[in-house]
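First comes the structure, then the notes that go with it.
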Amino acid sequence: AVLAHDPAAPDPGAVAPPRDAAGLVRQLLETLPEKERLIIHWLDLEGKSVAEICALTGWGASRVKVTAWRVRRKLGKTALRLRLQENAS
């Protein structure tokens with residue numbers, strides 16, 4: 001027997017917005033390109049200094065700081081969008 005698709009049923013392939021902070025952070029980090037994800041991971045999760053990240057990446061301090069600032073801003077916008085989606089459902 002073939003089951004009819006219920007259009008009101010949730011899409012099993014859709015990614016639901018997470019309901020906890022850790023899940024939100026994980027989902028946000030997964031949206032980033034690898035280099036951006038690494039910069040934020042090293043700075044904010046591992047507590048590495050800008051100088052340490054410069055040594056790891058070969059980037060200058062300004063590039064590390066600007067990248068981190070831009071990524072944090074992008075993550076903030078993405079988090080807001082996810083929360084709005086969650087509240088709409």
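Labels for the structure tokens follow display order: chains A, B, ..., residues from 1 in each chain, ligands from 1.
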
Exercise. Might you pull out every residue within 9 Å of region 27-37 of chain A, with only C-alpha atoms counted and same-chain residues fewer than 4 positions away left off, and present them as a ChimeraX atom specification?
Key: /A:17-18,22-23,41-42,57,67-68,71,75,78-79

Just write the chosen residues, C-alpha atoms, as a PDB file, in the first residue's frame.
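Wrote out_4.pdb, looks like this:
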```pdb
ATOM      1  CA  PRO A  17      15.815  25.051  14.849  1.00  0.00           C
ATOM      2  CA  PRO A  18      17.395  23.783  18.068  1.00  0.00           C
ATOM      3  CA  ALA A  22      24.337  24.325  22.859  1.00  0.00           C
ATOM      4  CA  GLY A  23      22.347  23.067  19.905  1.00  0.00           C
ATOM      5  CA  HIS A  41      36.435  28.095  17.713  1.00  0.00           C
ATOM      6  CA  TRP A  42      40.001  29.043  18.636  1.00  0.00           C
ATOM      7  CA  THR A  57      47.002  30.578  10.180  1.00  0.00           C
ATOM      8  CA  THR A  67      37.352  38.067  10.518  1.00  0.00           C
ATOM      9  CA  ALA A  68      36.219  37.307  14.078  1.00  0.00           C
ATOM     10  CA  VAL A  71      31.770  36.181  11.786  1.00  0.00           C
ATOM     11  CA  LEU A  75      26.302  34.478  13.620  1.00  0.00           C
ATOM     12  CA  THR A  78      21.713  33.860  11.726  1.00  0.00           C
ATOM     13  CA  ALA A  79      20.775  33.195  15.364  1.00  0.00           C
TER      14      ALA A  79
END
```

Quiz prompt | Nearest to Lys65 (chain A) by atom-to-atom distance, counting only C-alpha atoms, from A:Lys77, A:Arg26, A:Ile53, A:Leu84 | solution =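 Comparing A:Lys77, A:Arg26, A:Ile53, A:Leu84 against Lys65 (chain A), the winner is A:Ile53.
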
Self-check item: Using only C-alpha atoms: which of A:Leu24, A:Ile40, A:Ala55, A:Val50 has the shortest distance to Arg81 (chain A)
Solution: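 Closest to Arg81 (chain A) of all the choices is A:Leu24.
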
Quiz prompt | Between CA of Ser62 (chain A) and CA of Leu43 (chain A), distance in Å (one decimal) | solution = 13.9 Å

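One finds CA of Val66 (chain A) at 25.8 Å from CA of Arg83 (chain A).
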